$ cat input_31.cif   # mmCIF, C-alpha atoms
data_entry
loop_
_atom_site.label_atom_id
_atom_site.label_comp_id
_atom_site.auth_asym_id
_atom_site.auth_seq_id
_atom_site.Cartn_x
_atom_site.Cartn_y
_atom_site.Cartn_z
CA MET H 4 25.68 119.34 128.42
CA ALA H 5 28.68 117.01 128.59
CA THR H 6 31.96 118.74 129.12
CA PHE H 7 35.11 117.67 127.38
CA SER H 8 38.73 118.64 127.42
CA PHE H 9 41.51 117.32 125.22
CA ALA H 10 44.32 115.31 126.79
CA GLU H 11 47.56 117.21 127.05
CA GLY H 12 49.45 117.05 123.76
CA ASP H 13 46.42 115.95 121.71
CA TRP H 14 46.90 117.88 118.47
CA ARG H 15 43.18 117.57 117.64
CA ALA H 16 42.71 120.46 120.05
CA GLY H 17 44.29 122.67 117.38
CA ILE H 18 41.90 121.34 114.72
CA PHE H 19 38.92 121.94 117.00
CA ALA H 20 40.06 125.50 117.70
CA GLN H 21 40.13 126.18 113.95
CA ILE H 22 36.70 124.60 113.44
CA LYS H 23 35.35 126.94 116.10
CA ALA H 24 37.23 130.00 114.85
CA CYS H 25 35.84 129.45 111.33
CA GLY H 26 32.24 129.31 112.54
CA VAL H 27 31.46 125.70 111.64
CA GLN H 28 27.96 124.79 112.82
CA GLN H 29 27.47 121.29 111.42
CA MET H 30 29.80 118.34 111.76
CA ALA H 31 29.06 115.03 110.05
CA TYR H 32 31.02 111.88 110.69
CA VAL H 33 31.47 108.19 110.33
CA PRO H 34 33.21 107.16 113.54
CA ASP H 35 36.94 106.67 113.49
CA ALA H 36 39.27 106.00 116.41
CA CYS H 37 41.71 108.71 115.35
CA HIS H 38 38.95 111.31 115.20
CA ALA H 39 37.47 110.16 118.54
CA SER H 40 38.57 113.10 120.70
CA LEU H 41 37.56 115.61 118.03
CA ILE H 42 34.14 113.98 117.71
CA LYS H 43 33.70 114.17 121.49
CA ALA H 44 34.72 117.82 121.52
CA CYS H 45 32.17 118.68 118.82
CA HIS H 46 29.41 116.82 120.65
CA ALA H 47 30.23 118.63 123.88
CA ASP H 48 30.32 122.02 122.17
CA GLY H 49 26.59 122.66 122.14
CA TYR H 50 26.81 125.02 119.17
CA ILE H 51 27.79 122.45 116.53
CA ASP H 52 25.09 120.08 115.22
CA CYS H 53 26.75 116.64 115.05
CA THR H 54 25.30 114.09 112.65
CA GLU H 55 26.47 110.51 112.76
CA LEU H 56 26.18 108.95 109.30
CA THR H 57 25.55 105.39 108.16
CA THR H 58 27.81 105.97 105.15
CA GLU H 59 30.08 108.81 104.10
CA GLU H 60 28.16 109.82 100.98
CA GLU H 61 25.30 110.97 103.22
CA GLY H 62 27.67 113.53 104.69
CA VAL H 63 28.42 115.05 101.31
CA ALA H 64 24.72 115.60 100.62
CA LEU H 65 24.06 116.68 104.21
CA LEU H 66 26.69 119.41 104.23
CA ALA H 67 25.57 120.62 100.79
CA GLY H 68 22.09 121.00 102.28
CA ALA H 69 23.54 122.83 105.28
CA GLU H 70 25.33 125.23 102.95
CA LEU H 71 22.08 125.92 101.10
CA GLY H 72 20.78 127.03 104.46
CA GLY H 73 23.84 129.21 105.10
CA MET H 74 25.76 126.98 107.52
CA ARG H 75 29.37 125.88 107.35
CA GLY H 76 30.21 122.24 107.89
CA VAL H 77 33.03 119.75 108.19
CA MET H 78 32.95 116.00 107.58
CA LEU H 79 35.21 113.62 109.48
CA MET H 80 35.96 110.26 107.94
CA GLN H 81 38.61 107.63 107.34
CA SER H 82 40.29 107.04 103.98
CA SER H 83 38.25 103.87 103.45
CA GLY H 84 35.12 106.05 103.28
CA VAL H 85 36.33 108.23 100.44
CA GLY H 86 35.44 105.66 97.79
CA ASN H 87 31.89 105.52 99.12
CA CYS H 88 31.42 109.16 98.16
CA VAL H 89 32.54 109.32 94.56
CA ASN H 90 29.24 109.86 92.75
CA MET H 91 27.97 112.17 95.50
CA PHE H 92 31.04 114.37 94.95
CA SER H 93 29.43 115.28 91.60
CA LEU H 94 26.89 117.29 93.62
CA LEU H 95 29.72 119.55 94.83
CA LYS H 96 31.20 120.07 91.40
CA SER H 97 27.90 120.42 89.54
CA CYS H 98 26.67 123.14 91.87
CA GLY H 99 29.87 124.76 93.16
CA PHE H 100 29.23 123.79 96.78
CA PRO H 101 31.96 124.51 99.33
CA PHE H 102 32.92 121.35 101.21
CA VAL H 103 35.58 120.38 103.73
CA THR H 104 36.55 116.94 104.95
CA LEU H 105 39.25 115.82 107.36
CA VAL H 106 40.42 112.33 106.51
CA THR H 107 42.40 110.00 108.73
CA MET H 108 44.67 107.95 106.50
CA ARG H 109 45.04 104.19 106.58
CA GLY H 110 47.02 101.90 104.35
CA GLU H 111 50.09 104.07 103.85
CA TRP H 112 52.48 103.90 106.84
CA GLY H 113 53.11 100.69 108.75
CA GLU H 114 49.60 99.45 108.06
CA PHE H 115 48.89 96.02 109.51
CA ASN H 116 45.56 95.42 107.73
CA PRO H 117 46.00 94.72 104.02
CA TRP H 118 42.33 95.49 103.37
CA GLN H 119 43.01 99.16 104.15
CA VAL H 120 45.74 99.53 101.54
CA PRO H 121 43.78 99.70 98.25
CA MET H 122 41.51 102.61 99.27
CA GLY H 123 44.22 104.31 101.32
CA GLN H 124 46.51 104.35 98.31
CA ALA H 125 43.70 105.58 96.02
CA THR H 126 42.46 108.33 98.35
CA GLU H 127 44.47 111.32 97.18
CA GLU H 128 43.98 110.54 93.49
CA THR H 129 40.24 109.95 94.04
CA PHE H 130 39.88 113.38 95.62
CA LYS H 131 41.88 115.08 92.88
CA ARG H 132 39.92 113.42 90.10
CA SER H 133 36.73 114.50 91.85
CA GLY H 134 37.81 118.13 91.74
CA PHE H 135 39.14 118.55 95.28
CA ILE H 136 42.06 120.61 96.50
CA VAL H 137 44.07 118.26 98.70
CA TYR H 138 46.25 119.10 101.71
CA ARG H 139 48.34 116.51 103.54
CA ALA H 140 49.30 117.02 107.18
CA ASP H 141 52.27 115.21 108.69
CA THR H 142 52.38 117.19 111.93
CA GLY H 143 49.74 118.30 114.41
CA GLU H 144 50.65 121.90 113.78
CA ASP H 145 50.03 121.48 110.05
CA ALA H 146 46.75 119.68 110.73
CA ALA H 147 45.40 122.68 112.62
CA ALA H 148 46.68 125.28 110.16
CA MET H 149 45.42 123.32 107.17
CA THR H 150 41.98 122.86 108.74
CA GLY H 151 41.59 126.61 109.14
CA SER H 152 42.80 127.42 105.67
CA ALA H 153 40.71 124.60 104.14
CA ILE H 154 37.53 125.98 105.69
CA ARG H 155 38.30 129.53 104.60
CA LEU H 156 39.29 128.44 101.09
CA ALA H 157 36.20 126.29 100.71
CA TYR H 158 33.65 128.77 101.98
CA ASP H 159 35.22 131.96 100.67
CA SER H 160 36.03 130.56 97.23
CA ASN H 161 33.44 127.80 96.69
CA CYS H 162 35.90 124.90 96.63
CA ALA H 163 35.92 121.31 97.84
CA VAL H 164 38.95 120.74 100.06
CA ALA H 165 40.25 117.56 101.71
CA VAL H 166 42.79 117.55 104.52
CA LEU H 167 44.54 114.19 104.76
CA LEU H 168 45.84 113.41 108.24
CA SER H 169 48.71 111.10 107.37
CA GLN H 170 49.10 107.74 109.02
CA ARG H 171 52.56 108.82 110.05
CA LEU H 172 50.91 111.57 112.09
CA ILE H 173 48.06 109.56 113.58
CA GLY H 174 50.14 106.43 114.15
CA ALA H 175 49.57 103.00 112.66
CA LYS H 176 46.89 100.97 114.42
CA THR H 177 48.26 97.70 115.75
CA PHE H 178 45.57 96.05 117.96
CA MET X 20 -3.80 104.67 92.44
CA ILE X 21 -2.79 108.29 92.82
CA GLU X 22 -1.87 110.50 89.85
CA ARG X 23 1.57 111.85 90.71
CA ARG X 24 1.29 115.29 89.11
CA GLU X 25 -2.07 115.94 90.72
CA ALA X 26 -0.76 114.76 94.07
CA ILE X 27 2.28 117.03 94.01
CA ALA X 28 0.19 119.96 92.75
CA HIS X 29 -2.18 119.37 95.68
CA LEU X 30 0.71 119.22 98.11
CA LEU X 31 2.25 122.49 96.89
CA LYS X 32 -0.98 124.42 96.29
CA ASP X 33 -1.05 127.77 98.12
CA ARG X 34 2.40 126.93 99.28
CA PRO X 35 3.32 128.27 102.72
CA ASP X 36 6.08 130.91 102.67
CA ASP X 37 8.36 128.86 104.89
CA LEU X 38 8.36 125.71 102.70
CA LEU X 39 11.66 124.59 101.16
CA VAL X 40 11.71 121.64 98.75
CA ILE X 41 14.52 119.36 97.62
CA THR X 42 13.68 116.98 94.80
CA GLY X 43 15.18 113.61 93.99
CA LEU X 44 16.48 113.19 90.47
CA GLY X 45 14.19 112.13 87.62
CA SER X 46 10.42 112.35 87.68
CA PRO X 47 10.06 113.96 91.14
CA THR X 48 12.09 116.90 89.81
CA TYR X 49 9.71 117.17 86.82
CA ASP X 50 6.62 116.78 89.03
CA VAL X 51 7.68 119.60 91.35
CA ALA X 52 8.68 121.85 88.45
CA ALA X 53 5.30 121.20 86.80
CA ALA X 54 3.43 122.08 89.99
CA ASP X 55 5.38 125.15 91.09
CA ASP X 56 8.78 126.20 89.77
CA ALA X 57 9.59 128.27 92.85
CA ALA X 58 13.03 129.59 93.77
CA GLU X 59 12.62 127.73 97.07
CA ASN X 60 12.96 124.42 95.18
CA PHE X 61 16.34 122.76 94.87
CA TYR X 62 16.27 120.33 91.97
CA LEU X 63 18.64 117.38 91.94
CA TRP X 64 19.52 116.03 88.52
CA GLY X 65 22.01 113.50 89.86
CA ALA X 66 23.52 112.60 93.25
CA MET X 67 21.14 109.65 93.48
CA GLY X 68 20.47 108.66 97.06
CA GLY X 69 21.26 112.11 98.44
CA ALA X 70 17.90 113.89 98.57
CA ALA X 71 16.91 112.93 102.12
CA ALA X 72 20.37 113.58 103.57
CA MET X 73 20.55 116.93 101.82
CA ALA X 74 17.13 117.83 103.21
CA LEU X 75 18.37 116.91 106.71
CA GLY X 76 21.36 119.24 106.40
CA LEU X 77 19.10 122.04 105.23
CA ALA X 78 16.54 121.35 107.97
CA GLN X 79 19.28 121.53 110.61
CA ALA X 80 20.57 124.78 109.14
CA ARG X 81 17.14 126.41 108.86
CA LYS X 82 15.04 125.41 111.85
CA ASP X 83 12.73 128.35 111.03
CA LYS X 84 11.66 126.63 107.78
CA ARG X 85 9.74 123.51 106.84
CA VAL X 86 11.91 121.30 104.66
CA VAL X 87 10.36 118.67 102.39
CA ALA X 88 12.28 116.16 100.28
CA ILE X 89 10.17 114.92 97.38
CA THR X 90 11.72 111.88 95.78
CA GLY X 91 11.06 108.55 94.11
CA ASP X 92 11.20 104.99 95.39
CA GLY X 93 14.44 104.17 93.56
CA GLU X 94 16.23 107.25 94.87
CA MET X 95 14.98 106.62 98.42
CA LEU X 96 16.10 102.99 98.25
CA MET X 97 19.60 104.13 97.32
CA GLY X 98 19.68 106.46 100.32
CA MET X 99 17.89 104.18 102.77
CA GLY X 100 20.64 104.58 105.36
CA SER X 101 19.80 108.26 105.56
CA LEU X 102 16.42 107.30 107.06
CA ALA X 103 18.37 105.86 110.00
CA THR X 104 20.45 109.04 110.20
CA ILE X 105 17.31 111.21 110.18
CA GLY X 106 15.68 108.98 112.79
CA ALA X 107 18.70 109.46 115.03
CA ARG X 108 18.63 113.26 114.62
CA GLN X 109 14.82 113.73 114.95
CA PRO X 110 14.51 116.98 112.95
CA GLU X 111 11.08 118.41 113.80
CA ASN X 112 10.91 120.46 110.58
CA LEU X 113 11.63 117.68 108.07
CA ALA X 114 9.22 115.67 105.94
CA ILE X 115 9.91 113.19 103.14
CA VAL X 116 7.49 112.38 100.34
CA VAL X 117 8.21 109.25 98.31
CA ILE X 118 6.41 109.09 94.97
CA ASP X 119 6.34 105.33 94.75
CA ASN X 120 5.53 103.90 91.32
CA GLU X 121 7.30 100.65 92.23
CA ALA X 122 9.52 101.07 89.20
CA PHE X 123 12.73 102.63 87.93
CA GLY X 124 10.89 104.92 85.54
CA GLU X 125 13.86 106.74 84.01
CA THR X 126 15.62 103.59 82.94
CA GLY X 127 12.91 101.49 81.30
CA GLY X 128 10.43 100.86 84.07
CA GLN X 129 12.18 97.94 85.72
CA ALA X 130 10.31 96.71 88.81
CA SER X 131 11.72 98.19 92.01
CA HIS X 132 12.07 96.63 95.44
CA THR X 133 9.01 98.50 96.72
CA GLY X 134 6.72 96.51 94.43
CA LEU X 135 8.33 93.26 95.44
CA SER X 136 9.11 93.33 99.14
CA THR X 137 10.22 96.63 100.67
CA ASN X 138 7.82 98.89 102.56
CA LEU X 139 9.56 102.28 102.82
CA ALA X 140 7.00 103.69 105.28
CA ALA X 141 7.66 100.75 107.60
CA VAL X 142 11.41 101.26 107.21
CA ALA X 143 11.07 104.92 108.17
CA LEU X 144 8.93 104.05 111.18
CA ALA X 145 11.47 101.44 112.28
CA CYS X 146 14.18 104.13 111.98
CA GLY X 147 12.37 106.37 114.45
CA PHE X 148 10.23 108.64 112.25
CA ARG X 149 7.36 110.07 114.30
CA LYS X 150 4.63 109.32 111.81
CA VAL X 151 4.28 107.79 108.36
CA ILE X 152 1.44 107.37 105.90
CA THR X 153 1.00 105.26 102.79
CA ALA X 154 -1.62 106.77 100.48
CA ARG X 155 -3.20 104.91 97.57
CA LYS X 156 -6.22 107.07 96.74
CA ALA X 157 -6.73 110.72 95.87
CA SER X 158 -9.13 111.00 98.82
CA GLU X 159 -6.15 110.54 101.16
CA LEU X 160 -4.18 113.50 99.79
CA ASP X 161 -5.56 115.97 102.35
CA ASP X 162 -4.16 113.75 105.11
CA VAL X 163 -0.83 113.56 103.28
CA ARG X 164 -0.69 117.34 102.98
CA ALA X 165 -1.48 117.82 106.65
CA LEU X 166 1.25 115.38 107.64
CA VAL X 167 3.88 116.77 105.30
CA ILE X 168 3.23 120.48 105.85
CA GLU X 169 2.16 120.67 109.47
CA GLU X 170 3.00 117.73 111.68
CA LYS X 171 6.05 117.51 113.88
CA GLY X 172 8.82 115.69 112.05
CA PRO X 173 10.47 113.62 111.03
CA VAL X 174 7.54 112.30 109.00
CA LEU X 175 7.34 110.38 105.74
CA ALA X 176 4.56 109.88 103.23
CA VAL X 177 4.55 107.21 100.53
CA LEU X 178 2.29 107.96 97.57
CA LYS X 179 1.50 104.83 95.60
CA THR X 180 1.21 106.01 92.00
CA SER X 181 0.92 104.44 88.58
CA ALA X 182 4.11 103.85 86.57
CA LYS X 183 2.62 105.65 83.56
CA GLU X 184 5.13 107.89 81.76
CA LEU X 185 4.21 111.57 81.72
CA ALA X 186 5.48 114.45 79.63
CA ARG X 187 8.75 115.71 81.08
CA VAL X 188 8.73 119.20 82.53
CA LEU X 189 12.35 120.19 82.64
CA PRO X 190 13.40 122.98 85.01
CA GLU X 191 16.84 124.64 85.18
CA ARG X 192 19.57 122.03 85.21
CA ASP X 193 22.68 124.15 85.71
CA GLY X 194 23.51 123.30 89.33
CA HIS X 195 25.19 126.63 89.98
CA ALA X 196 22.10 128.49 88.79
CA ILE X 197 19.78 126.30 90.88
CA ARG X 198 21.94 126.82 93.97
CA ASN X 199 22.27 130.57 93.50
CA ARG X 200 18.55 131.00 92.91
CA PHE X 201 17.72 128.98 96.00
CA LYS X 202 20.24 130.70 98.27
CA LYS X 203 19.10 134.15 97.19
CA ALA X 204 15.49 133.22 97.95
CA VAL X 205 16.14 131.78 101.39
CA SER X 206 18.99 133.91 102.70
CA THR X 207 18.21 135.85 105.85
#

$ encode --input "input_31.cif" --output "structure tokens"
Amino acid sequence: MATFSFAEGDWRAGIFAQIKACGVQQMAYVPDACHASLIKACHADGYIDCTELTTEEEGVALLAGAELGGMRGVMLMQSSGVGNCVNMFSLLKSCGFPFVTLVTMRGEWGEFNPWQVPMGQATEETFKRSGFIVYRADTGEDAAAMTGSAIRLAYDSNCAVAVLLSQRLIGAKTF
Amino acid sequence: MIERREAIAHLLKDRPDDLLVITGLGSPTYDVAAADDAAENFYLWGAMGGAAAMALGLAQARKDKRVVAITGDGEMLMGMGSLATIGARQPENLAIVVIDNEAFGETGGQASHTGLSTNLAAVALACGFRKVITARKASELDDVRALVIEEKGPVLAVLKTSAKELARVLPERDGHAIRNRFKKAVST
């Protein structure tokens, strides 16, 4: 089993601690640089089943299936992936599935790639129109607290919850 | 050609206690409901392209159960990337059955890609499935059943069926009711 420890000051450590404290056993993801340390931590955990997806909508169906089997899950994605999920979100609403996703935001704060702006700007509204409760984290402390409360809200009250990790928090990518 | 209702009835006959089924929207949902409307069936009425991925999530959550996704060629084509995801994960307790009539039956019978060029069994094999079968005759259904129910997954069976329209057998379509019924039946 690979071991992993977060770099000092990496606020994803707080998110990971909440994921663990809330008993999440499946994590689905489309890779994203800003989720990279969190993805590594989940893979190294040994208790969390990590499923790499070819497209984000798979993760919606996957975690609904996990919930049918009694397991809690979290999906990690980037804002550009939210639009890929829209019809699959109907599964959550039609059946009352709990669902939690942590979304790294692009296209909103010092973005250098214009192709990221349309979906980044549409992300929050897309979630709301799809029936999600939406949190937005601008600090690492908020990101951790919101992750914990999103998981509890989702799985205790059968809600779909998105936590947006703002681009101001994660830092604009520059290349 | 295989008759789809007979094939699914054969597959689910004397159903093992540990078998959980997720159906793709449209005719596969009706076929499974006609054969055996068990609480351990989760019927999709939408979410096209999600049946296989949903079955993977369930299979990973319940390694003590056999999970079978029963879907159509159109639904599987829409979720073809999930075959790659399943291949990467190698769930030993997961099987997929594609009822392949080479047509989009719900929408007017338009020819699908599987009748033109795409071989879904070959796709699954190329994605890392352990074993696949393409059945065209009723005499092959015992082999299909053995693969789907017993063999180490991930496995996939394609059943080549006629595109004939059959009477619709409509199970519960309230998603909350379907989910609650299923969860109650399979909770530990």

$ residues_around --input "input_31.cif" --residues "His195 in chain X" --least-positions-apart "4" --cutoff "7 Å" --atoms "all atoms listed in the file" --output "list in words"
Ser97, Cys98 and Gly99 of chain H; Asn199 of chain X

$ write_last_selection --input "input_31.cif" --atoms "C-alpha atoms" --output "JSON list (two decimals), in the coordinates of the input"
[["chain", "number", "residue", "atom", "x", "y", "z"],
["H", 97, "SER", "CA", 27.90, 120.42, 89.54],
["H", 98, "CYS", "CA", 26.67, 123.14, 91.87],
["H", 99, "GLY", "CA", 29.87, 124.76, 93.16],
["X", 199, "ASN", "CA", 22.27, 130.57, 93.50]]

$ closest_atom_pairs --input "input_31.cif" --of "chain H" --to "chain X" --cutoff "6 Å" --atoms "all atoms listed in the file" --output "Markdown table"
| residue | atom | partner | partner_atom | distance |
| --- | --- | --- | --- | --- |
| H:Leu56 | CA | X:Thr104 | CA | 5.8 |
| H:Thr57 | CA | X:Gly100 | CA | 5.7 |
| H:Glu61 | CA | X:Ala72 | CA | 5.6 |
| H:Ala64 | CA | X:Met73 | CA | 4.5 |
| H:Leu65 | CA | X:Met73 | CA | 4.3 |
| H:Leu66 | CA | X:Gly76 | CA | 5.8 |
| H:Gly68 | CA | X:Leu77 | CA | 4.3 |
| H:Ala69 | CA | X:Gly76 | CA | 4.3 |
| H:Leu71 | CA | X:Lys202 | CA | 5.9 |
| H:Gly72 | CA | X:Ala80 | CA | 5.2 |
| H:Met74 | CA | X:Ala80 | CA | 5.9 |
| H:Met91 | CA | X:Ala66 | CA | 5.0 |
| H:Leu94 | CA | X:Ala66 | CA | 5.8 |
| H:Ser97 | CA | X:Gly194 | CA | 5.3 |
| H:Cys98 | CA | X:Gly194 | CA | 4.1 |
| H:Gly99 | CA | X:His195 | CA | 6.0 |

$ residues_around --input "input_31.cif" --residues "Val116 in chain X" --least-positions-apart "6" --cutoff "8 Å" --atoms "all atoms listed in the file" --output "compact mmCIF listing (two decimals) with C-alpha atoms, keeping the file's coordinate frame"
# COMPACT_ATOMS: atom_id res chain seq x y z
CA VAL X 87 10.36 118.67 102.39
CA ALA X 88 12.28 116.16 100.28
CA ILE X 89 10.17 114.92 97.38
CA THR X 90 11.72 111.88 95.78
CA VAL X 167 3.88 116.77 105.30
CA LEU X 175 7.34 110.38 105.74
CA ALA X 176 4.56 109.88 103.23
CA VAL X 177 4.55 107.21 100.53
CA LEU X 178 2.29 107.96 97.57

$ atom_distance --input "input_31.cif" --atom1 "CA of Leu168 in chain H" --atom2 "CA of Ala44 in chain H"
17.9 Å

$ resolve_selection --input "input_31.cif" --expression "the PyMOL selection byres ((chain H and resi 107) around 12)" --output "ChimeraX atom specification"
/H:15,32-39,41,78-85,104-106,108-112,119,123,126-127,139-141,146,165-176

$ write_last_selection --input "input_31.cif" --atoms "C-alpha atoms" --output "PDB file, in the coordinates of the input"
ATOM      1  CA  ARG H  15      43.180 117.570 117.640  1.00  0.00           C
ATOM      2  CA  TYR H  32      31.020 111.880 110.690  1.00  0.00           C
ATOM      3  CA  VAL H  33      31.470 108.190 110.330  1.00  0.00           C
ATOM      4  CA  PRO H  34      33.210 107.160 113.540  1.00  0.00           C
ATOM      5  CA  ASP H  35      36.940 106.670 113.490  1.00  0.00           C
ATOM      6  CA  ALA H  36      39.270 106.000 116.410  1.00  0.00           C
ATOM      7  CA  CYS H  37      41.710 108.710 115.350  1.00  0.00           C
ATOM      8  CA  HIS H  38      38.950 111.310 115.200  1.00  0.00           C
ATOM      9  CA  ALA H  39      37.470 110.160 118.540  1.00  0.00           C
ATOM     10  CA  LEU H  41      37.560 115.610 118.030  1.00  0.00           C
ATOM     11  CA  MET H  78      32.950 116.000 107.580  1.00  0.00           C
ATOM     12  CA  LEU H  79      35.210 113.620 109.480  1.00  0.00           C
ATOM     13  CA  MET H  80      35.960 110.260 107.940  1.00  0.00           C
ATOM     14  CA  GLN H  81      38.610 107.630 107.340  1.00  0.00           C
ATOM     15  CA  SER H  82      40.290 107.040 103.980  1.00  0.00           C
ATOM     16  CA  SER H  83      38.250 103.870 103.450  1.00  0.00           C
ATOM     17  CA  GLY H  84      35.120 106.050 103.280  1.00  0.00           C
ATOM     18  CA  VAL H  85      36.330 108.230 100.440  1.00  0.00           C
ATOM     19  CA  THR H 104      36.550 116.940 104.950  1.00  0.00           C
ATOM     20  CA  LEU H 105      39.250 115.820 107.360  1.00  0.00           C
ATOM     21  CA  VAL H 106      40.420 112.330 106.510  1.00  0.00           C
ATOM     22  CA  MET H 108      44.670 107.950 106.500  1.00  0.00           C
ATOM     23  CA  ARG H 109      45.040 104.190 106.580  1.00  0.00           C
ATOM     24  CA  GLY H 110      47.020 101.900 104.350  1.00  0.00           C
ATOM     25  CA  GLU H 111      50.090 104.070 103.850  1.00  0.00           C
ATOM     26  CA  TRP H 112      52.480 103.900 106.840  1.00  0.00           C
ATOM     27  CA  GLN H 119      43.010  99.160 104.150  1.00  0.00           C
ATOM     28  CA  GLY H 123      44.220 104.310 101.320  1.00  0.00           C
ATOM     29  CA  THR H 126      42.460 108.330  98.350  1.00  0.00           C
ATOM     30  CA  GLU H 127      44.470 111.320  97.180  1.00  0.00           C
ATOM     31  CA  ARG H 139      48.340 116.510 103.540  1.00  0.00           C
ATOM     32  CA  ALA H 140      49.300 117.020 107.180  1.00  0.00           C
ATOM     33  CA  ASP H 141      52.270 115.210 108.690  1.00  0.00           C
ATOM     34  CA  ALA H 146      46.750 119.680 110.730  1.00  0.00           C
ATOM     35  CA  ALA H 165      40.250 117.560 101.710  1.00  0.00           C
ATOM     36  CA  VAL H 166      42.790 117.550 104.520  1.00  0.00           C
ATOM     37  CA  LEU H 167      44.540 114.190 104.760  1.00  0.00           C
ATOM     38  CA  LEU H 168      45.840 113.410 108.240  1.00  0.00           C
ATOM     39  CA  SER H 169      48.710 111.100 107.370  1.00  0.00           C
ATOM     40  CA  GLN H 170      49.100 107.740 109.020  1.00  0.00           C
ATOM     41  CA  ARG H 171      52.560 108.820 110.050  1.00  0.00           C
ATOM     42  CA  LEU H 172      50.910 111.570 112.090  1.00  0.00           C
ATOM     43  CA  ILE H 173      48.060 109.560 113.580  1.00  0.00           C
ATOM     44  CA  GLY H 174      50.140 106.430 114.150  1.00  0.00           C
ATOM     45  CA  ALA H 175      49.570 103.000 112.660  1.00  0.00           C
ATOM     46  CA  LYS H 176      46.890 100.970 114.420  1.00  0.00           C
TER      47      LYS H 176
END

$ closest_residue --input "input_31.cif" --among "H:Pro101, H:Gly86, H:Gly113, H:Gly73" --to "Arg132 in chain H" --atoms "only C-alpha atoms"
H:Gly86

$ residues_near_point --input "input_31.cif" --point "(12.1, 95.4, 96.7)" --cutoff "10 Å" --atoms "only C-alpha atoms" --output "ChimeraX atom specification"
/X:92-93,96,121-122,130-139

$ decode --input "input_31.cif" --residues "range 108-120 of chain X" --atoms "C-alpha atoms" --output "PDB file, in the first residue's frame"
ATOM      1  CA  ARG X 108     -11.638  -1.590 -11.806  1.00  0.00           C
ATOM      2  CA  GLN X 109     -12.032  -5.346 -12.549  1.00  0.00           C
ATOM      3  CA  PRO X 110     -15.069  -6.024 -10.318  1.00  0.00           C
ATOM      4  CA  GLU X 111     -15.267  -9.805  -9.932  1.00  0.00           C
ATOM      5  CA  ASN X 112     -18.989  -9.734  -9.086  1.00  0.00           C
ATOM      6  CA  LEU X 113     -20.237  -7.707 -12.061  1.00  0.00           C
ATOM      7  CA  ALA X 114     -21.841  -8.894 -15.292  1.00  0.00           C
ATOM      8  CA  ILE X 115     -23.459  -6.907 -18.091  1.00  0.00           C
ATOM      9  CA  VAL X 116     -26.107  -8.264 -20.435  1.00  0.00           C
ATOM     10  CA  VAL X 117     -26.794  -6.265 -23.594  1.00  0.00           C
ATOM     11  CA  ILE X 118     -30.079  -7.081 -25.301  1.00  0.00           C
ATOM     12  CA  ASP X 119     -28.971  -6.092 -28.768  1.00  0.00           C
ATOM     13  CA  ASN X 120     -31.757  -5.632 -31.315  1.00  0.00           C
TER      14      ASN X 120
END
